Amino acid sequence: MTIMTETEFKDHIEEIIIQIEDAIEELDNGIDYESSDGMLTIILVNKSQIIINRQTAALQLWLAAKSGGYHFDYLDESDKNGWYDDRSGELFFDTLNRCLTEQSGSKIALDLE
């Protein structure tokens, strides 16, 4: 896990939220979102929600879905840069797309890096 400053952390999370918002807009499939101060609420067509937010004290990115809560730590090691689930090791964007698909009942794959 990489130690980053609080400012770097907040900037990093803001970039992720913007990426997700842009990807949702590109889909144009009825998914909506609301964002405010480091928190993004994704509203699916069936009105269920997935919430992504930053946990500054822990320097973690959190995702809440019907299937559970996920906590991601940033790893910056040569070929393994990214946010990884602190339990399963799954990458954040993989977890997000999996949760979107499971929760919506149809295949959703946001184009994220």
# chains A, B, ... in the order shown; residues from 1 in each chain; ligands from 1

call {"tool": "residues_around", "arguments": {"residues": "A:Gly30", "least_positions_apart": "4", "cutoff": "10 Å", "atoms": "only C-alpha atoms", "output": "list in words"}}
result
Ile24, Glu25, Ile43, Leu44, Val45 and Asn46 of chain A

call {"tool": "residues_around", "arguments": {"residues": "stretch 88-104 of chain A", "least_positions_apart": "2", "cutoff": "10 Å", "atoms": "only C-alpha atoms", "output": "compact mmCIF listing (two decimals) with N, CA and C atoms, in the first residue's frame"}}
result
# COMPACT_ATOMS: atom_id res chain seq x y z
N ILE A 16 -11.39 9.42 -10.09
CA ILE A 16 -12.15 8.18 -10.27
C ILE A 16 -13.63 8.49 -10.44
N ILE A 20 -16.04 7.64 -13.70
CA ILE A 20 -17.28 6.86 -13.61
C ILE A 20 -18.45 7.66 -14.17
N ILE A 31 -29.21 4.79 -16.58
CA ILE A 31 -28.53 4.86 -15.29
C ILE A 31 -28.27 6.33 -14.98
N ILE A 42 -24.84 5.93 -7.62
CA ILE A 42 -25.28 5.46 -8.93
C ILE A 42 -26.68 4.90 -8.75
N ILE A 43 -27.61 5.41 -9.56
CA ILE A 43 -29.01 5.01 -9.46
C ILE A 43 -29.35 4.21 -10.71
N LEU A 44 -29.62 2.93 -10.50
CA LEU A 44 -29.92 2.03 -11.61
C LEU A 44 -31.37 2.18 -12.06
N VAL A 45 -31.70 1.64 -13.21
CA VAL A 45 -33.04 1.74 -13.77
C VAL A 45 -34.08 1.16 -12.80
N ASN A 46 -33.71 0.10 -12.07
CA ASN A 46 -34.63 -0.51 -11.10
C ASN A 46 -34.68 0.25 -9.78
N LYS A 47 -34.08 1.43 -9.76
CA LYS A 47 -34.06 2.36 -8.60
C LYS A 47 -33.15 1.91 -7.46
N SER A 48 -32.46 0.78 -7.61
CA SER A 48 -31.49 0.41 -6.59
C SER A 48 -30.25 1.29 -6.76
N GLN A 49 -29.43 1.34 -5.73
CA GLN A 49 -28.29 2.25 -5.73
C GLN A 49 -27.00 1.53 -5.39
N ILE A 50 -25.93 2.07 -5.93
CA ILE A 50 -24.57 1.70 -5.54
C ILE A 50 -23.89 2.99 -5.13
N ILE A 51 -23.26 2.97 -3.97
CA ILE A 51 -22.65 4.19 -3.44
C ILE A 51 -21.14 4.00 -3.36
N ILE A 52 -20.44 4.99 -3.88
CA ILE A 52 -18.98 5.00 -3.84
C ILE A 52 -18.58 6.24 -3.06
N LEU A 61 -11.05 3.74 -0.56
CA LEU A 61 -12.19 3.96 -1.43
C LEU A 61 -13.20 2.87 -1.07
N TRP A 62 -14.43 3.27 -0.77
CA TRP A 62 -15.45 2.31 -0.35
C TRP A 62 -16.55 2.22 -1.40
N LEU A 63 -17.10 1.03 -1.55
CA LEU A 63 -18.22 0.79 -2.45
C LEU A 63 -19.28 0.02 -1.67
N ALA A 64 -20.51 0.51 -1.70
CA ALA A 64 -21.62 -0.17 -1.04
C ALA A 64 -22.63 -0.58 -2.10
N ALA A 65 -22.95 -1.87 -2.12
CA ALA A 65 -23.91 -2.43 -3.07
C ALA A 65 -24.80 -3.42 -2.31
N LYS A 66 -25.82 -3.92 -2.98
CA LYS A 66 -26.69 -4.91 -2.33
C LYS A 66 -25.89 -6.14 -1.88
N SER A 67 -24.84 -6.47 -2.63
CA SER A 67 -24.05 -7.66 -2.30
C SER A 67 -23.10 -7.45 -1.13
N GLY A 68 -22.95 -6.20 -0.68
CA GLY A 68 -22.10 -5.95 0.48
C GLY A 68 -21.30 -4.67 0.37
N TYR A 70 -17.45 -2.95 0.25
CA TYR A 70 -16.11 -3.26 -0.20
C TYR A 70 -15.19 -2.08 0.13
N HIS A 71 -14.00 -2.40 0.61
CA HIS A 71 -13.01 -1.39 0.98
C HIS A 71 -11.76 -1.61 0.14
N PHE A 72 -11.28 -0.54 -0.50
CA PHE A 72 -10.16 -0.65 -1.42
C PHE A 72 -8.98 0.19 -0.95
N ASP A 73 -7.80 -0.42 -0.99
CA ASP A 73 -6.53 0.26 -0.68
C ASP A 73 -5.79 0.49 -1.99
N TYR A 74 -5.04 1.58 -2.05
CA TYR A 74 -4.27 1.87 -3.25
C TYR A 74 -2.94 1.15 -3.19
N LYS A 80 1.42 -3.23 -10.71
CA LYS A 80 0.16 -3.45 -10.00
C LYS A 80 -0.41 -2.17 -9.42
N ASN A 81 -0.46 -1.11 -10.21
CA ASN A 81 -1.04 0.14 -9.72
C ASN A 81 -2.56 0.03 -9.74
N GLY A 82 -3.20 0.46 -8.68
CA GLY A 82 -4.66 0.48 -8.66
C GLY A 82 -5.24 0.29 -7.28
N TRP A 83 -6.55 0.33 -7.23
CA TRP A 83 -7.30 0.16 -5.99
C TRP A 83 -7.75 -1.29 -5.89
N TYR A 84 -7.32 -1.96 -4.82
CA TYR A 84 -7.59 -3.39 -4.62
C TYR A 84 -8.42 -3.60 -3.36
N ASP A 85 -9.42 -4.49 -3.47
CA ASP A 85 -10.25 -4.85 -2.32
C ASP A 85 -9.35 -5.42 -1.22
N ASP A 86 -9.53 -4.93 -0.01
CA ASP A 86 -8.65 -5.35 1.09
C ASP A 86 -8.94 -6.78 1.57
N SER A 106 -28.80 -7.02 -15.65
CA SER A 106 -28.36 -7.06 -17.05
C SER A 106 -26.90 -6.64 -17.13
N LYS A 107 -26.22 -7.07 -18.18
CA LYS A 107 -24.78 -6.83 -18.32
C LYS A 107 -24.51 -5.33 -18.43
N ILE A 108 -23.73 -4.81 -17.50
CA ILE A 108 -23.28 -3.42 -17.53
C ILE A 108 -21.78 -3.44 -17.39
N ALA A 109 -21.11 -2.82 -18.35
CA ALA A 109 -19.65 -2.74 -18.31
C ALA A 109 -19.25 -1.30 -18.62
N LEU A 110 -18.97 -0.55 -17.57
CA LEU A 110 -18.49 0.81 -17.78
C LEU A 110 -17.09 0.73 -18.35
N ASP A 111 -16.80 1.59 -19.30
CA ASP A 111 -15.47 1.61 -19.93
C ASP A 111 -14.55 2.44 -19.04
N LEU A 112 -13.86 1.74 -18.14
CA LEU A 112 -13.00 2.38 -17.15
C LEU A 112 -11.61 1.79 -17.22
N GLU A 113 -10.63 2.60 -16.84
CA GLU A 113 -9.23 2.12 -16.82
C GLU A 113 -8.78 1.90 -15.40

call {"tool": "select_by_dssp", "arguments": {"residues": "chain A", "states": "strand (DSSP E)", "output": "PyMOL selection string"}}
result
chain A and resi 32-36+39-43+49-55+60-65+68-75+82-85

call {"tool": "write_last_selection", "arguments": {"atoms": "C-alpha atoms", "output": "mmCIF file, in the first residue's frame"}}
result
data_model
loop_
_atom_site.group_PDB
_atom_site.id
_atom_site.type_symbol
_atom_site.label_atom_id
_atom_site.label_comp_id
_atom_site.auth_asym_id
_atom_site.auth_seq_id
_atom_site.Cartn_x
_atom_site.Cartn_y
_atom_site.Cartn_z
ATOM 1 C CA ASP A 32 -28.321 8.095 -13.334
ATOM 2 C CA TYR A 33 -25.947 9.416 -10.698
ATOM 3 C CA GLU A 34 -25.557 12.105 -8.072
ATOM 4 C CA SER A 35 -22.236 13.257 -6.700
ATOM 5 C CA SER A 36 -21.224 15.471 -3.843
ATOM 6 C CA MET A 39 -19.399 10.539 -2.751
ATOM 7 C CA LEU A 40 -21.066 9.161 -5.880
ATOM 8 C CA THR A 41 -24.491 7.534 -5.843
ATOM 9 C CA ILE A 42 -25.278 5.459 -8.927
ATOM 10 C CA ILE A 43 -29.009 5.012 -9.461
ATOM 11 C CA GLN A 49 -28.293 2.248 -5.735
ATOM 12 C CA ILE A 50 -24.569 1.698 -5.541
ATOM 13 C CA ILE A 51 -22.651 4.189 -3.439
ATOM 14 C CA ILE A 52 -18.977 5.005 -3.844
ATOM 15 C CA ASN A 53 -17.258 7.228 -1.340
ATOM 16 C CA ARG A 54 -13.912 8.099 0.094
ATOM 17 C CA GLN A 55 -12.863 7.291 3.632
ATOM 18 C CA GLN A 60 -9.648 3.941 1.368
ATOM 19 C CA LEU A 61 -12.188 3.957 -1.429
ATOM 20 C CA TRP A 62 -15.453 2.312 -0.349
ATOM 21 C CA LEU A 63 -18.220 0.789 -2.453
ATOM 22 C CA ALA A 64 -21.622 -0.171 -1.042
ATOM 23 C CA ALA A 65 -23.912 -2.434 -3.066
ATOM 24 C CA GLY A 68 -22.099 -5.952 0.476
ATOM 25 C CA GLY A 69 -19.548 -3.338 1.374
ATOM 26 C CA TYR A 70 -16.106 -3.259 -0.200
ATOM 27 C CA HIS A 71 -13.005 -1.388 0.975
ATOM 28 C CA PHE A 72 -10.157 -0.646 -1.420
ATOM 29 C CA ASP A 73 -6.534 0.262 -0.680
ATOM 30 C CA TYR A 74 -4.269 1.867 -3.255
ATOM 31 C CA LEU A 75 -1.347 -0.275 -4.362
ATOM 32 C CA GLY A 82 -4.659 0.483 -8.660
ATOM 33 C CA TRP A 83 -7.298 0.161 -5.985
ATOM 34 C CA TYR A 84 -7.592 -3.390 -4.619
ATOM 35 C CA ASP A 85 -10.250 -4.848 -2.315
#

call {"tool": "decode", "arguments": {"residues": "stretch 28-73 of chain A", "atoms": "N, CA and C atoms", "output": "CSV table (one decimal), in the first residue's frame"}}
result
chain,number,residue,atom,x,y,z
A,28,ASP,N,-25.6,5.8,-21.8
A,28,ASP,CA,-27.0,6.3,-22.2
A,28,ASP,C,-28.0,5.2,-22.1
A,29,ASN,N,-28.1,4.6,-21.0
A,29,ASN,CA,-29.0,3.5,-20.8
A,29,ASN,C,-30.0,3.6,-19.6
A,30,GLY,N,-30.2,4.9,-19.2
A,30,GLY,CA,-31.1,5.1,-18.1
A,30,GLY,C,-30.5,5.1,-16.7
A,31,ILE,N,-29.2,4.8,-16.6
A,31,ILE,CA,-28.5,4.9,-15.3
A,31,ILE,C,-28.3,6.3,-15.0
A,32,ASP,N,-28.5,6.7,-13.7
A,32,ASP,CA,-28.3,8.1,-13.3
A,32,ASP,C,-27.3,8.1,-12.2
A,33,TYR,N,-26.9,9.3,-11.8
A,33,TYR,CA,-25.9,9.4,-10.7
A,33,TYR,C,-26.1,10.8,-10.1
A,34,GLU,N,-25.7,10.9,-8.8
A,34,GLU,CA,-25.6,12.1,-8.1
A,34,GLU,C,-24.2,12.1,-7.4
A,35,SER,N,-23.5,13.2,-7.4
A,35,SER,CA,-22.2,13.3,-6.7
A,35,SER,C,-22.1,14.5,-5.9
A,36,SER,N,-21.4,14.4,-4.8
A,36,SER,CA,-21.2,15.5,-3.8
A,36,SER,C,-20.1,15.2,-2.9
A,37,ASP,N,-19.1,16.0,-2.9
A,37,ASP,CA,-18.0,16.0,-1.9
A,37,ASP,C,-17.4,14.6,-1.7
A,38,GLY,N,-16.9,13.9,-2.7
A,38,GLY,CA,-16.3,12.7,-2.6
A,38,GLY,C,-17.2,11.5,-2.5
A,39,MET,N,-18.5,11.6,-2.8
A,39,MET,CA,-19.4,10.5,-2.8
A,39,MET,C,-20.2,10.5,-4.1
A,40,LEU,N,-20.3,9.3,-4.6
A,40,LEU,CA,-21.1,9.2,-5.9
A,40,LEU,C,-22.1,8.1,-5.6
A,41,THR,N,-23.4,8.5,-5.9
A,41,THR,CA,-24.5,7.5,-5.8
A,41,THR,C,-24.9,7.2,-7.3
A,42,ILE,N,-24.8,5.9,-7.6
A,42,ILE,CA,-25.3,5.5,-8.9
A,42,ILE,C,-26.7,4.9,-8.8
A,43,ILE,N,-27.6,5.4,-9.6
A,43,ILE,CA,-29.0,5.0,-9.5
A,43,ILE,C,-29.4,4.2,-10.7
A,44,LEU,N,-29.6,2.9,-10.5
A,44,LEU,CA,-29.9,2.0,-11.6
A,44,LEU,C,-31.4,2.2,-12.1
A,45,VAL,N,-31.7,1.6,-13.2
A,45,VAL,CA,-33.0,1.7,-13.8
A,45,VAL,C,-34.1,1.2,-12.8
A,46,ASN,N,-33.7,0.1,-12.1
A,46,ASN,CA,-34.6,-0.5,-11.1
A,46,ASN,C,-34.7,0.3,-9.8
A,47,LYS,N,-34.1,1.4,-9.8
A,47,LYS,CA,-34.1,2.4,-8.6
A,47,LYS,C,-33.2,1.9,-7.5
A,48,SER,N,-32.5,0.8,-7.6
A,48,SER,CA,-31.5,0.4,-6.6
A,48,SER,C,-30.3,1.3,-6.8
A,49,GLN,N,-29.4,1.3,-5.7
A,49,GLN,CA,-28.3,2.2,-5.7
A,49,GLN,C,-27.0,1.5,-5.4
A,50,ILE,N,-25.9,2.1,-5.9
A,50,ILE,CA,-24.6,1.7,-5.5
A,50,ILE,C,-23.9,3.0,-5.1
A,51,ILE,N,-23.3,3.0,-4.0
A,51,ILE,CA,-22.7,4.2,-3.4
A,51,ILE,C,-21.1,4.0,-3.4
A,52,ILE,N,-20.4,5.0,-3.9
A,52,ILE,CA,-19.0,5.0,-3.8
A,52,ILE,C,-18.6,6.2,-3.1
A,53,ASN,N,-17.7,6.1,-2.1
A,53,ASN,CA,-17.3,7.2,-1.3
A,53,ASN,C,-15.9,7.0,-0.8
A,54,ARG,N,-15.3,8.1,-0.4
A,54,ARG,CA,-13.9,8.1,0.1
A,54,ARG,C,-14.0,8.1,1.6
A,55,GLN,N,-13.0,7.3,2.2
A,55,GLN,CA,-12.9,7.3,3.6
A,55,GLN,C,-11.5,7.8,3.9
A,56,THR,N,-11.4,9.1,4.1
A,56,THR,CA,-10.2,9.9,4.2
A,56,THR,C,-9.3,9.4,5.3
A,57,ALA,N,-9.9,9.1,6.5
A,57,ALA,CA,-9.1,8.7,7.7
A,57,ALA,C,-8.3,7.4,7.4
A,58,ALA,N,-9.0,6.5,6.6
A,58,ALA,CA,-8.3,5.2,6.3
A,58,ALA,C,-7.6,5.2,5.0
A,59,LEU,N,-7.7,6.4,4.2
A,59,LEU,CA,-7.2,6.4,2.9
A,59,LEU,C,-7.7,5.3,2.0
A,60,GLN,N,-9.0,5.0,2.1
A,60,GLN,CA,-9.6,3.9,1.4
A,60,GLN,C,-10.8,4.5,0.5
A,61,LEU,N,-11.0,3.7,-0.6
A,61,LEU,CA,-12.2,4.0,-1.4
A,61,LEU,C,-13.2,2.9,-1.1
A,62,TRP,N,-14.4,3.3,-0.8
A,62,TRP,CA,-15.5,2.3,-0.3
A,62,TRP,C,-16.5,2.2,-1.4
A,63,LEU,N,-17.1,1.0,-1.6
A,63,LEU,CA,-18.2,0.8,-2.5
A,63,LEU,C,-19.3,0.0,-1.7
A,64,ALA,N,-20.5,0.5,-1.7
A,64,ALA,CA,-21.6,-0.2,-1.0
A,64,ALA,C,-22.6,-0.6,-2.1
A,65,ALA,N,-22.9,-1.9,-2.1
A,65,ALA,CA,-23.9,-2.4,-3.1
A,65,ALA,C,-24.8,-3.4,-2.3
A,66,LYS,N,-25.8,-3.9,-3.0
A,66,LYS,CA,-26.7,-4.9,-2.3
A,66,LYS,C,-25.9,-6.1,-1.9
A,67,SER,N,-24.8,-6.5,-2.6
A,67,SER,CA,-24.1,-7.7,-2.3
A,67,SER,C,-23.1,-7.4,-1.1
A,68,GLY,N,-22.9,-6.2,-0.7
A,68,GLY,CA,-22.1,-6.0,0.5
A,68,GLY,C,-21.3,-4.7,0.4
A,69,GLY,N,-20.4,-4.5,1.3
A,69,GLY,CA,-19.5,-3.3,1.4
A,69,GLY,C,-18.1,-3.8,1.0
A,70,TYR,N,-17.5,-2.9,0.3
A,70,TYR,CA,-16.1,-3.3,-0.2
A,70,TYR,C,-15.2,-2.1,0.1
A,71,HIS,N,-14.0,-2.4,0.6
A,71,HIS,CA,-13.0,-1.4,1.0
A,71,HIS,C,-11.8,-1.6,0.1
A,72,PHE,N,-11.3,-0.5,-0.5
A,72,PHE,CA,-10.2,-0.6,-1.4
A,72,PHE,C,-9.0,0.2,-0.9
A,73,ASP,N,-7.8,-0.4,-1.0
A,73,ASP,CA,-6.5,0.3,-0.7
A,73,ASP,C,-5.8,0.5,-2.0
